[in-house]
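Novice: entry_10.txt is reproduced below (compact mmCIF, C-alpha atoms).
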```
# COMPACT_ATOMS: atom_id res chain seq x y z
CA MET S 53 -17.35 -25.60 3.16
CA GLU S 54 -17.87 -22.25 1.43
CA PHE S 55 -19.52 -18.99 2.41
CA GLU S 56 -19.36 -15.20 2.08
CA ALA S 57 -18.03 -13.17 4.98
CA LEU S 58 -15.98 -10.02 5.61
CA GLY S 59 -16.46 -8.93 2.05
CA THR S 60 -14.99 -12.00 0.41
CA HIS S 61 -15.50 -15.64 -0.41
CA TRP S 62 -14.27 -18.24 2.07
CA TRP S 63 -13.32 -21.81 1.27
CA ILE S 64 -12.41 -24.18 4.06
CA GLU S 65 -11.08 -27.62 3.38
CA SER S 66 -10.92 -29.72 6.52
CA PRO S 67 -12.54 -32.90 7.77
CA ALA S 68 -13.33 -31.14 11.05
CA ALA S 69 -14.72 -27.93 9.53
CA LEU S 70 -18.37 -28.95 9.47
CA LYS S 71 -18.24 -29.95 13.12
CA ARG S 72 -16.75 -26.56 14.01
CA LYS S 73 -19.14 -24.55 11.84
CA THR S 74 -20.73 -22.69 14.77
CA ASP S 75 -17.38 -21.76 16.28
CA ILE S 76 -16.09 -20.69 12.89
CA ASN S 77 -19.07 -18.40 12.34
CA LYS S 78 -18.71 -16.98 15.84
CA ALA S 79 -15.02 -16.28 15.34
CA ILE S 80 -15.67 -14.42 12.11
CA GLU S 81 -18.58 -12.47 13.59
CA GLN S 82 -16.37 -11.47 16.54
CA VAL S 83 -13.76 -10.06 14.18
CA ASP S 84 -16.40 -8.25 12.15
CA ARG S 85 -18.13 -6.78 15.20
CA THR S 86 -14.85 -5.44 16.54
CA TRP S 87 -13.02 -4.29 13.46
CA SER S 88 -15.44 -3.60 10.65
CA ARG S 89 -15.70 -0.02 9.51
CA PHE S 90 -18.69 -0.99 7.38
CA ARG S 91 -21.13 -1.42 10.23
CA ASP S 92 -22.46 1.14 12.69
CA ASP S 93 -22.44 -1.19 15.69
CA SER S 94 -18.74 -2.09 15.59
CA LEU S 95 -16.08 -1.09 18.08
CA VAL S 96 -14.31 0.72 15.24
CA ALA S 97 -17.45 2.82 14.69
CA GLN S 98 -17.37 3.76 18.38
CA MET S 99 -13.67 4.55 18.28
CA ALA S 100 -14.37 6.88 15.40
CA THR S 101 -16.61 9.02 17.57
CA VAL S 102 -15.73 8.54 21.25
CA PRO S 103 -12.26 8.95 22.76
CA ALA S 104 -12.02 6.38 25.53
CA ARG S 105 -10.24 3.36 26.91
CA TYR S 106 -11.48 0.25 25.07
CA PRO S 107 -10.76 -3.16 26.62
CA LEU S 108 -9.75 -5.71 24.01
CA ASN S 109 -9.15 -9.43 24.11
CA GLU S 110 -5.65 -10.80 23.72
CA SER S 111 -5.80 -11.55 20.01
CA ASP S 112 -7.05 -8.04 19.24
CA ILE S 113 -4.17 -6.61 21.28
CA ASP S 114 -1.84 -8.86 19.24
CA LEU S 115 -3.27 -7.38 16.05
CA LEU S 116 -2.59 -3.82 17.19
CA GLU S 117 0.89 -4.76 18.41
CA TRP S 118 1.59 -6.25 15.00
CA TYR S 119 0.39 -3.04 13.42
CA LYS S 120 2.78 -1.09 15.65
CA SER S 121 5.68 -3.26 14.45
CA LEU S 122 4.70 -2.65 10.84
CA TYR S 123 4.21 1.05 11.52
CA ASP S 124 7.68 1.36 13.03
CA ALA S 125 9.37 -0.74 10.33
CA THR S 126 7.74 1.19 7.48
CA ASP S 127 8.19 4.62 9.04
CA GLY S 128 4.44 4.98 9.37
CA LEU S 129 3.49 3.91 5.85
CA VAL S 130 1.49 0.94 7.11
CA THR S 131 -0.96 2.31 9.65
CA PRO S 132 -4.42 1.45 10.96
CA LEU S 133 -5.20 5.16 10.96
CA ILE S 134 -5.62 5.17 7.18
CA GLY S 135 -9.37 4.64 7.63
CA GLN S 136 -10.51 8.25 7.25
CA THR S 137 -8.23 8.80 4.26
CA LEU S 138 -9.61 5.67 2.57
CA SER S 139 -13.13 6.79 3.33
CA ASP S 140 -12.51 10.30 2.01
CA ALA S 141 -11.08 8.80 -1.15
CA GLY S 142 -14.42 7.12 -1.68
CA TYR S 143 -13.93 3.67 -0.20
CA ASP S 144 -16.34 4.48 2.60
CA LYS S 145 -18.87 2.30 4.38
CA ASP S 146 -21.45 3.01 1.71
CA TYR S 147 -19.02 2.23 -1.12
CA SER S 148 -19.79 5.63 -2.61
CA LEU S 149 -16.48 5.56 -4.53
CA GLN S 150 -16.79 9.35 -4.80
CA PRO S 151 -13.60 11.08 -3.64
CA ALA S 152 -14.25 13.97 -1.25
CA ALA S 153 -13.13 17.47 -2.14
CA ARG S 154 -10.60 17.27 0.65
CA ILE S 155 -8.78 14.12 1.68
CA GLN S 156 -7.98 14.32 5.37
CA PRO S 157 -4.34 13.66 6.29
CA THR S 158 -3.52 10.60 8.35
CA PRO S 159 -2.55 11.30 11.96
CA ASN S 160 0.47 9.76 13.64
CA TRP S 161 0.10 6.68 15.81
CA ASP S 162 0.80 8.55 19.04
CA GLU S 163 -1.78 11.20 18.32
CA VAL S 164 -4.54 8.62 18.47
CA ILE S 165 -3.48 5.29 19.91
CA GLU S 166 -2.11 4.32 23.28
CA LEU S 167 -1.83 0.57 23.40
CA GLY S 168 -1.91 -1.23 26.74
CA ARG S 169 -1.76 -4.89 27.64
CA ASP S 170 -5.51 -5.45 27.74
CA ALA S 171 -6.98 -2.28 26.34
CA VAL S 172 -6.40 0.43 23.78
CA THR S 173 -6.93 4.05 24.63
CA ILE S 174 -8.18 6.12 21.74
CA LYS S 175 -6.99 9.62 22.58
CA GLN S 176 -8.83 11.38 19.80
CA PRO S 177 -11.55 9.74 17.74
CA HIS S 178 -10.42 8.50 14.37
CA LEU S 179 -11.61 5.99 11.82
CA ILE S 180 -9.46 2.89 12.02
CA ASP S 181 -9.10 0.51 9.08
CA VAL S 182 -7.37 -2.82 9.61
CA GLY S 183 -7.54 -3.90 5.95
CA ALA S 184 -3.76 -4.24 5.77
CA ALA S 185 -3.62 -7.22 8.13
CA GLY S 186 -7.22 -7.71 9.22
CA LYS S 187 -8.32 -10.35 6.76
CA GLY S 188 -5.28 -12.42 7.61
CA TYR S 189 -6.11 -11.94 11.27
CA ALA S 190 -9.61 -13.25 10.65
CA VAL S 191 -8.26 -16.26 8.75
CA ASP S 192 -6.01 -17.04 11.74
CA GLN S 193 -8.97 -16.96 14.13
CA VAL S 194 -10.64 -19.63 11.99
CA ALA S 195 -7.47 -21.64 11.36
CA ARG S 196 -6.76 -22.04 15.05
CA LEU S 197 -10.01 -23.96 15.40
CA LEU S 198 -8.69 -26.61 12.99
CA ASP S 199 -5.72 -28.93 12.97
CA GLY S 200 -4.07 -31.62 10.93
CA ASP S 201 -4.50 -31.23 7.21
CA PHE S 202 -6.57 -28.20 6.34
CA CYS S 203 -6.78 -25.08 4.26
CA VAL S 204 -8.63 -21.89 5.12
CA ASP S 205 -8.80 -19.64 2.09
CA ALA S 206 -10.47 -16.22 2.29
CA GLY S 207 -10.34 -14.72 -1.18
CA GLY S 208 -6.72 -15.73 -1.79
CA ASP S 209 -5.41 -15.11 1.76
CA MET S 210 -4.90 -18.51 3.26
CA VAL S 211 -3.52 -20.69 6.03
CA ILE S 212 -2.40 -24.21 5.23
CA GLY S 213 -2.02 -27.02 7.73
CA ASN S 214 0.25 -30.05 7.82
CA LYS S 215 -0.25 -31.27 4.30
CA ALA S 216 1.78 -29.27 1.81
CA MET S 217 -0.20 -27.57 -0.94
CA ARG S 218 0.80 -26.03 -4.23
CA ILE S 219 -0.65 -22.55 -4.49
CA GLY S 220 -0.79 -20.69 -7.79
CA LEU S 221 0.05 -17.00 -7.92
CA GLU S 222 -2.65 -15.37 -9.97
CA ASP S 223 -1.57 -12.95 -12.67
CA PRO S 224 -3.33 -9.70 -11.68
CA ARG S 225 -3.48 -8.66 -15.34
CA ASP S 226 -5.10 -11.89 -16.52
CA HIS S 227 -6.92 -14.09 -14.04
CA SER S 228 -6.78 -17.08 -16.34
CA LYS S 229 -3.01 -17.15 -15.85
CA LEU S 230 -0.56 -17.87 -13.08
CA ILE S 231 2.76 -16.12 -12.77
CA GLY S 232 4.20 -18.75 -10.50
CA VAL S 233 3.60 -21.46 -7.93
CA VAL S 234 4.57 -21.78 -4.30
CA GLU S 235 4.56 -24.89 -2.19
CA ILE S 236 3.74 -24.41 1.47
CA SER S 237 2.75 -26.26 4.62
CA ASN S 238 2.11 -25.01 8.14
CA ALA S 239 2.27 -21.49 6.86
CA SER S 240 0.21 -18.73 5.32
CA ILE S 241 0.26 -16.95 2.02
CA CYS S 242 -1.54 -13.67 1.43
CA GLY S 243 -1.74 -11.77 -1.81
CA SER S 244 -2.59 -8.17 -2.55
CA ALA S 245 -3.23 -6.55 -5.91
CA VAL S 246 -4.21 -2.99 -6.72
CA ASN S 247 -6.25 -3.40 -9.84
CA GLN S 248 -9.27 -4.97 -8.19
CA ARG S 249 -10.45 -2.43 -5.64
CA ALA S 250 -9.79 0.50 -7.90
CA TRP S 251 -11.94 3.46 -8.87
CA ARG S 252 -11.24 6.67 -10.80
CA ASP S 253 -7.58 7.43 -10.10
CA TRP S 254 -7.56 5.59 -6.79
CA HIS S 255 -6.90 2.11 -5.51
CA HIS S 256 -7.19 0.80 -1.99
CA VAL S 257 -3.52 0.68 -0.94
CA ILE S 258 -3.05 4.28 0.06
CA ASN S 259 0.19 5.96 1.11
CA PRO S 260 -0.59 7.93 4.27
CA LYS S 261 2.14 10.47 3.60
CA THR S 262 0.94 11.42 0.13
CA SER S 263 -2.73 10.55 0.67
CA ARG S 264 -2.56 8.94 -2.77
CA PRO S 265 -2.41 5.32 -3.90
CA ALA S 266 0.92 3.53 -3.70
CA LYS S 267 2.69 3.47 -7.06
CA GLY S 268 4.92 1.19 -9.02
CA ILE S 269 3.74 -2.19 -7.82
CA LEU S 270 0.85 -4.18 -9.18
CA ALA S 271 0.73 -7.10 -6.76
CA THR S 272 2.53 -8.61 -3.81
CA TRP S 273 2.48 -11.96 -2.05
CA ALA S 274 3.94 -12.77 1.33
CA ILE S 275 4.45 -16.15 2.93
CA SER S 276 4.80 -16.18 6.70
CA ASP S 277 4.07 -18.27 9.77
CA ASN S 278 0.51 -17.00 10.09
CA ALA S 279 -1.96 -15.02 8.03
CA MET S 280 -1.95 -11.86 10.15
CA HIS S 281 1.79 -11.63 9.49
CA ALA S 282 1.57 -12.57 5.83
CA ASP S 283 -1.28 -10.12 5.14
CA GLY S 284 0.51 -7.23 6.89
CA LEU S 285 3.79 -7.99 5.14
CA ALA S 286 2.10 -8.21 1.74
CA THR S 287 0.75 -4.71 2.32
CA ALA S 288 4.09 -3.40 3.60
CA LEU S 289 5.79 -4.58 0.41
CA PHE S 290 3.91 -1.87 -1.51
CA PHE S 291 5.80 0.72 0.50
CA VAL S 292 9.19 -0.62 1.52
CA SER S 293 11.83 -3.02 0.36
CA PRO S 294 11.72 -6.58 1.78
CA LYS S 295 15.01 -5.82 3.48
CA GLN S 296 13.31 -3.25 5.66
CA LEU S 297 10.93 -5.92 6.94
CA GLU S 298 13.61 -8.34 8.07
CA GLY S 299 13.10 -9.61 11.56
CA LEU S 300 9.44 -8.73 11.92
CA ALA S 301 8.21 -12.21 11.08
CA PRO S 302 9.34 -15.02 8.76
CA LEU S 303 9.05 -13.74 5.21
CA LYS S 304 9.21 -15.09 1.70
CA TYR S 305 7.79 -12.83 -0.92
CA CYS S 306 6.92 -12.17 -4.51
CA ILE S 307 6.48 -8.67 -5.93
CA MET S 308 5.11 -7.83 -9.35
CA TYR S 309 5.90 -4.35 -10.63
CA ASP S 310 3.82 -2.21 -12.96
CA ASP S 311 5.91 -3.28 -15.94
CA GLY S 312 5.18 -6.96 -15.40
CA THR S 313 8.58 -7.91 -14.01
CA VAL S 314 8.74 -9.91 -10.83
CA ARG S 315 11.08 -10.07 -7.89
CA ALA S 316 10.85 -13.02 -5.52
CA SER S 317 12.72 -14.59 -2.65
CA ALA S 318 15.31 -17.03 -3.87
CA ASP S 319 13.74 -20.07 -2.30
CA SER S 320 13.16 -23.52 -3.68
CA SER S 321 9.53 -23.39 -2.63
CA ILE S 322 8.88 -20.50 -5.04
CA THR S 323 8.79 -20.93 -8.79
CA ILE S 324 8.20 -17.93 -11.04
CA PHE S 325 7.31 -18.47 -14.68
CA THR S 326 9.63 -16.18 -16.58
CA GLU S 327 10.34 -15.78 -20.25
CA LYS S 328 13.56 -17.65 -19.70
CA ASN S 329 11.89 -20.83 -18.54
CA MET B 294 16.93 8.85 -5.06
CA SER B 295 20.59 8.66 -5.97
CA GLN B 296 22.94 11.45 -5.01
CA GLN B 297 23.71 12.25 -8.66
CA ASN B 298 20.07 12.69 -9.49
CA ARG B 299 19.57 14.98 -6.54
CA THR B 300 22.53 17.08 -7.59
CA LYS B 301 21.30 17.19 -11.17
CA ILE B 302 17.86 18.31 -10.10
CA ILE B 303 19.20 20.99 -7.80
CA GLY B 304 21.58 22.15 -10.50
CA LEU B 305 18.88 22.40 -13.15
CA ILE B 306 16.41 24.07 -10.88
CA SER B 307 19.04 26.53 -9.75
CA ILE B 308 19.75 27.48 -13.34
CA VAL B 309 16.07 28.08 -13.89
CA LEU B 310 15.80 30.14 -10.73
CA ILE B 311 18.78 32.34 -11.48
CA SER B 312 17.53 33.16 -14.92
CA THR B 313 14.24 34.42 -13.54
CA ALA B 314 15.34 35.91 -10.25
CA ALA B 315 14.20 39.41 -9.42
CA THR B 316 11.01 39.08 -11.39
CA THR B 317 7.70 38.82 -9.65
CA GLY B 318 5.03 36.43 -10.50
CA VAL B 319 6.84 34.75 -13.34
CA VAL B 320 5.97 31.21 -14.13
CA LEU B 321 8.70 29.65 -16.14
CA ILE B 322 8.38 26.34 -17.81
CA ARG B 323 11.48 24.61 -19.02
CA ASN B 324 11.61 21.12 -20.36
CA MET B 325 14.99 19.57 -20.12
CA GLN B 326 15.23 16.02 -21.30
CA SER B 327 17.85 13.77 -19.88
CA GLY B 328 19.50 11.10 -22.00
CA PRO B 329 17.53 8.36 -23.72
CA GLY B 330 16.75 5.24 -21.74
CA SER B 331 17.25 6.83 -18.35
CA TYR B 332 14.77 7.99 -15.81
CA GLY B 333 16.71 11.08 -15.00
CA PRO B 334 15.14 14.42 -14.29
CA ASN B 335 12.82 15.87 -16.86
CA ILE B 336 12.49 19.22 -15.28
CA VAL B 337 9.27 21.12 -15.48
CA SER B 338 9.43 23.87 -12.99
CA SER B 339 7.39 26.78 -11.84
CA VAL B 340 8.94 29.54 -9.86
CA ASN B 341 7.24 31.52 -7.15
CA THR B 342 9.32 34.38 -5.95
CA THR B 343 8.84 35.63 -2.47
CA THR B 344 10.24 39.08 -3.07
CA THR B 345 8.85 42.04 -4.89
CA SER B 346 11.04 43.46 -7.58
CA GLY B 347 11.76 46.38 -9.77
CA SER B 348 14.19 45.19 -12.36
CA THR B 349 13.86 42.85 -15.28
CA PRO B 350 16.32 40.00 -15.60
CA VAL B 351 19.42 40.67 -17.66
CA SER B 352 22.27 38.24 -17.95
CA ASN B 353 25.24 39.19 -15.81
CA ALA B 354 22.99 41.57 -13.92
CA ASN B 355 22.38 41.76 -10.22
CA TYR B 356 19.97 39.32 -8.85
CA LYS B 357 17.79 40.44 -6.01
CA ASP B 358 18.65 38.86 -2.71
CA GLY B 359 15.97 36.67 -1.39
CA THR B 360 14.62 33.20 -0.97
CA TYR B 361 13.10 31.49 -3.96
CA THR B 362 11.18 28.27 -4.12
CA ALA B 363 10.54 26.10 -7.08
CA THR B 364 8.95 22.80 -7.79
CA GLY B 365 10.80 20.37 -9.93
CA SER B 366 9.24 17.39 -11.51
CA PHE B 367 10.95 14.24 -12.66
CA TYR B 368 9.71 11.34 -14.63
CA THR B 369 9.02 7.87 -13.40
CA PRO B 370 7.20 5.13 -15.31
CA SER B 371 3.95 5.85 -13.58
CA GLY B 372 4.09 9.61 -13.94
CA ASN B 373 5.79 12.71 -12.66
CA GLU B 374 7.10 12.99 -9.15
CA GLN B 375 7.48 16.35 -7.48
CA ILE B 376 10.36 17.75 -5.56
CA GLY B 377 10.48 21.14 -3.91
CA VAL B 378 13.66 23.23 -3.89
CA THR B 379 14.34 26.37 -1.90
CA VAL B 380 17.28 28.54 -2.86
CA THR B 381 18.59 31.62 -1.11
CA LEU B 382 20.42 34.25 -3.13
CA ALA B 383 22.66 36.82 -1.54
CA SER B 384 25.00 39.09 -3.45
CA ASN B 385 24.41 37.07 -6.62
CA LYS B 386 25.47 33.87 -4.97
CA ILE B 387 23.46 30.89 -3.89
CA THR B 388 23.99 30.75 -0.20
CA ASN B 389 21.61 27.98 0.68
CA VAL B 390 19.79 25.21 -1.06
CA SER B 391 17.37 22.87 0.52
CA ILE B 392 15.19 20.29 -1.03
CA ASP B 393 11.94 18.86 0.14
CA ASP B 394 12.10 15.36 -1.12
CA SER B 395 9.69 13.85 1.34
CA SER B 396 7.66 12.37 -1.48
CA ILE B 397 10.60 10.32 -2.61
CA TYR B 398 11.52 8.90 0.73
CA SER B 399 7.92 8.31 1.70
CA GLY B 400 7.61 5.32 -0.51
CA THR B 401 6.19 7.02 -3.57
CA SER B 402 9.08 6.16 -5.83
CA PHE B 403 10.95 3.61 -3.82
CA ALA B 404 9.53 0.81 -5.95
CA TYR B 405 11.48 2.04 -8.96
CA THR B 406 14.67 2.61 -7.01
CA ASP B 407 14.26 -0.78 -5.43
CA GLN B 408 13.53 -2.45 -8.74
CA PHE B 409 16.45 -0.95 -10.61
CA ALA B 410 18.85 -1.36 -7.73
CA HIS B 411 18.59 -5.11 -7.87
CA GLY B 412 19.02 -5.34 -11.60
CA ILE B 413 15.95 -7.49 -11.80
CA ASN B 414 13.91 -8.99 -13.36
CA ALA B 415 12.96 -11.40 -15.96
CA ALA B 416 9.60 -10.52 -17.40
CA VAL B 417 6.90 -12.91 -16.40
CA ASP B 418 5.49 -15.34 -18.90
CA GLY B 419 2.27 -16.45 -17.30
CA LYS B 420 0.98 -19.97 -17.70
CA ASN B 421 -2.62 -20.86 -18.15
CA VAL B 422 -4.07 -21.88 -14.81
CA ASP B 423 -5.40 -25.13 -16.27
CA SER B 424 -1.95 -26.17 -17.36
CA VAL B 425 -0.42 -25.93 -13.90
CA ASN B 426 -1.08 -28.38 -11.12
CA VAL B 427 -2.17 -26.33 -8.11
CA SER B 428 -4.56 -26.83 -5.22
CA ARG B 429 -5.55 -23.20 -4.70
CA VAL B 430 -4.85 -19.82 -6.25
CA SER B 431 -3.76 -16.73 -4.37
CA GLY B 432 -4.60 -13.41 -5.87
CA ALA B 433 -7.16 -10.71 -5.54
CA SER B 434 -9.76 -12.10 -7.86
CA LEU B 435 -12.63 -11.78 -5.48
CA THR B 436 -13.85 -8.26 -4.95
CA PRO B 437 -16.85 -7.82 -2.70
CA MET B 438 -20.18 -7.64 -4.49
CA ALA B 439 -20.89 -4.32 -2.81
CA PHE B 440 -17.73 -2.87 -4.33
CA ASN B 441 -18.51 -4.15 -7.79
CA SER B 442 -22.06 -2.91 -7.69
CA ALA B 443 -20.82 0.49 -6.54
CA LEU B 444 -18.50 0.58 -9.54
CA ASP B 445 -21.38 -0.30 -11.81
CA THR B 446 -23.44 2.53 -10.34
CA ILE B 447 -20.67 4.99 -11.05
CA LYS B 448 -20.32 3.80 -14.61
CA ASN B 449 -24.04 4.15 -15.13
CA ASP B 450 -24.03 7.62 -13.62
CA ALA B 451 -21.17 8.60 -15.88
CA ARG B 452 -23.15 7.54 -18.92
CA ALA B 453 -26.27 9.47 -17.92
```
The structure in this file should be written as structure tokens.

Specialist:
Amino acid sequence: MEFEALGTHWWIESPAALKRKTDINKAIEQVDRTWSRFRDDSLVAQMATVPARYPLNESDIDLLEWYKSLYDATDGLVTPLIGQTLSDAGYDKDYSLQPAARIQPTPNWDEVIELGRDAVTIKQPHLIDVGAAGKGYAVDQVARLLDGDFCVDAGGDMVIGNKAMRIGLEDPRDHSKLIGVVEISNASICGSAVNQRAWRDWHHVINPKTSRPAKGILATWAISDNAMHADGLATALFFVSPKQLEGLAPLKYCIMYDDGTVRASADSSITIFTEKN
Amino acid sequence: MSQQNRTKIIGLISIVLISTAATTGVVLIRNMQSGPGSYGPNIVSSVNTTTTSGSTPVSNANYKDGTYTATGSFYTPSGNEQIGVTVTLASNKITNVSIDDSSIYSGTSFAYTDQFAHGINAAVDGKNVDSVNVSRVSGASLTPMAFNSALDTIKNDARA
């Protein structure tokens, strides 16, 4: 089954998917209503204006806890508080793509967020953006409704069930080519590239300390146990070395640098097409 | 950034500073190329003095005590990176040097350090997607329609 949601194209392969269609749509709508910064009725829109204690369900708390792990491991470079900076740069809810005269700096976690076990307290209003791990999170909410052999693919961020699948790594410079193949089962792969959501001298992976796009890397892929982890790790790889992410979650990766060279985990499940072979 | 590069940058910037010390409002541009094939410092610096002065610089002359800041720039494949250096002069000696290299350790240039440190990488030789047996493709090929149409609007505006 295929459809558009959360700003991308979804493709679900599963015998049970049609039967679960209503639940799948509800799960996606729930994520969108909570975390979208592109709609005025979302919780994120409220958090951007009203400091308060916001009760959240368990999976949303998990998402913020995961963000805190990434924040700590990357010394603040992966942060949900990048929303206002992104918006100022032009990637706002109206897609104006016009950078503001002044790009607001990104606050520290503790200035805004106090995370509890069933609620988050927003100490001062700020625009949150969960793009770094949010799509993966949404894919997980759908994947947990399915079992057996399945694939949930949201624009290249995917969860794969029991049956192993060969997934091509798309060359960001030429979409008719693959730079490699990975073989995975009961895992997730998420990819991130910077030449798609790009405008003027900006792209959408922004370094909160420089308030400028991350440099040097063209695309990353991360394979992990679930999509929330894989998506967050794929983002983190734009800012820190894989070594710095050890221990956060299972990780196999592939990084493509600006010059077209690639670095990948030495794992038999990953094949990179290099000039040597 | 490696220790040698830091030392080189400080050294070069210090030379620039000393040669313009005791002059107000001077902007000095020096281009110093490092050796071929390296990404060493290519210093372009501007000096802002924080003291007022009376004398013009003369070699071997007295340099006015004070604190001077300069911005050094070094080359990376995707453009120049900035580094700030603060030097204190007292009795014609540098008594303190500090560098503000937050941009380097904040992930701006780590990709290059990381890349070179591992002595990677074979260049990729992509294969046509039709020639490889895969079930799905992971990439970022699908940009939201709203984003694309916004880009189109900008391009049209730019042409107008």

Novice: Using atom CA of B:Ala416 and atom CA of B:Val430 as the two end points, give the distance in Å to one decimal.

Specialist: 20.5 Å

Novice: Fewer than 4 positions away in the same chain doesn't count, so skip those; otherwise give me all residues within 10 Å of stretch 229-234 of chain S, counting all atoms listed in the file, as a PyMOL selection string.

Specialist: (chain S and resi 217-225+241+275+306+308+312+314+319-326) or (chain B and resi 416-427+429-432)

Novice: Could you jot down the atom CA of S:Gln156 to atom CA of S:His178 separation for me, Å, one decimal place?

Specialist: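 Atom-to-atom, atom CA of S:Gln156 and atom CA of S:His178 are spaced 11.0 Å apart.
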
Novice: Extending 6 Å beyond the listed atoms of stretch 74-78 of chain S on each side, what axis-aligned box results? I want centre and edge lengths in Å to one decimal, as lines of an AutoDock Vina configuration file.

Specialist:
```
center_x = -18.4
center_y = -19.8
center_z = 14.3
size_x = 16.6
size_y = 17.7
size_z = 15.9
```

Novice: Could you state the separation of atom CA of B:Leu444 and atom CA of S:Pro132 in Å, given to one decimal place?

Specialist: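 Atom-to-atom, atom CA of B:Leu444 and atom CA of S:Pro132 are spaced 24.9 Å apart.
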
Novice: With only C-alpha atoms as the atoms that count, which of S:Leu149, S:Ile165, S:Val172, S:Ala100 lies nearest to chain B?

Specialist: S:Leu149

Novice: Select, from B:Thr446, B:Ala433, B:Ile387, B:Tyr356, the residue with the minimum atom-to-atom distance to chain S, counting all atoms listed in the file.

Specialist: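 Nearest candidate to chain S out of B:Thr446, B:Ala433, B:Ile387, B:Tyr356: B:Ala433.
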
Novice: Just give me the residues with any atom within 10 Å of (-12.2, 3.4, 2.1), file coordinates, counting all atoms listed in the file, written as an MDAnalysis selection string.

Specialist: chainID S and resid 89:90 134:149 151 181 183 249 255:258

Novice: Find, counting only C-alpha atoms, the residue in S:Arg105, S:Gln98, S:Ile80, S:Pro260 that gets nearest to S:Trp161.

Specialist: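 The answer is S:Pro260, which sits nearest to S:Trp161.
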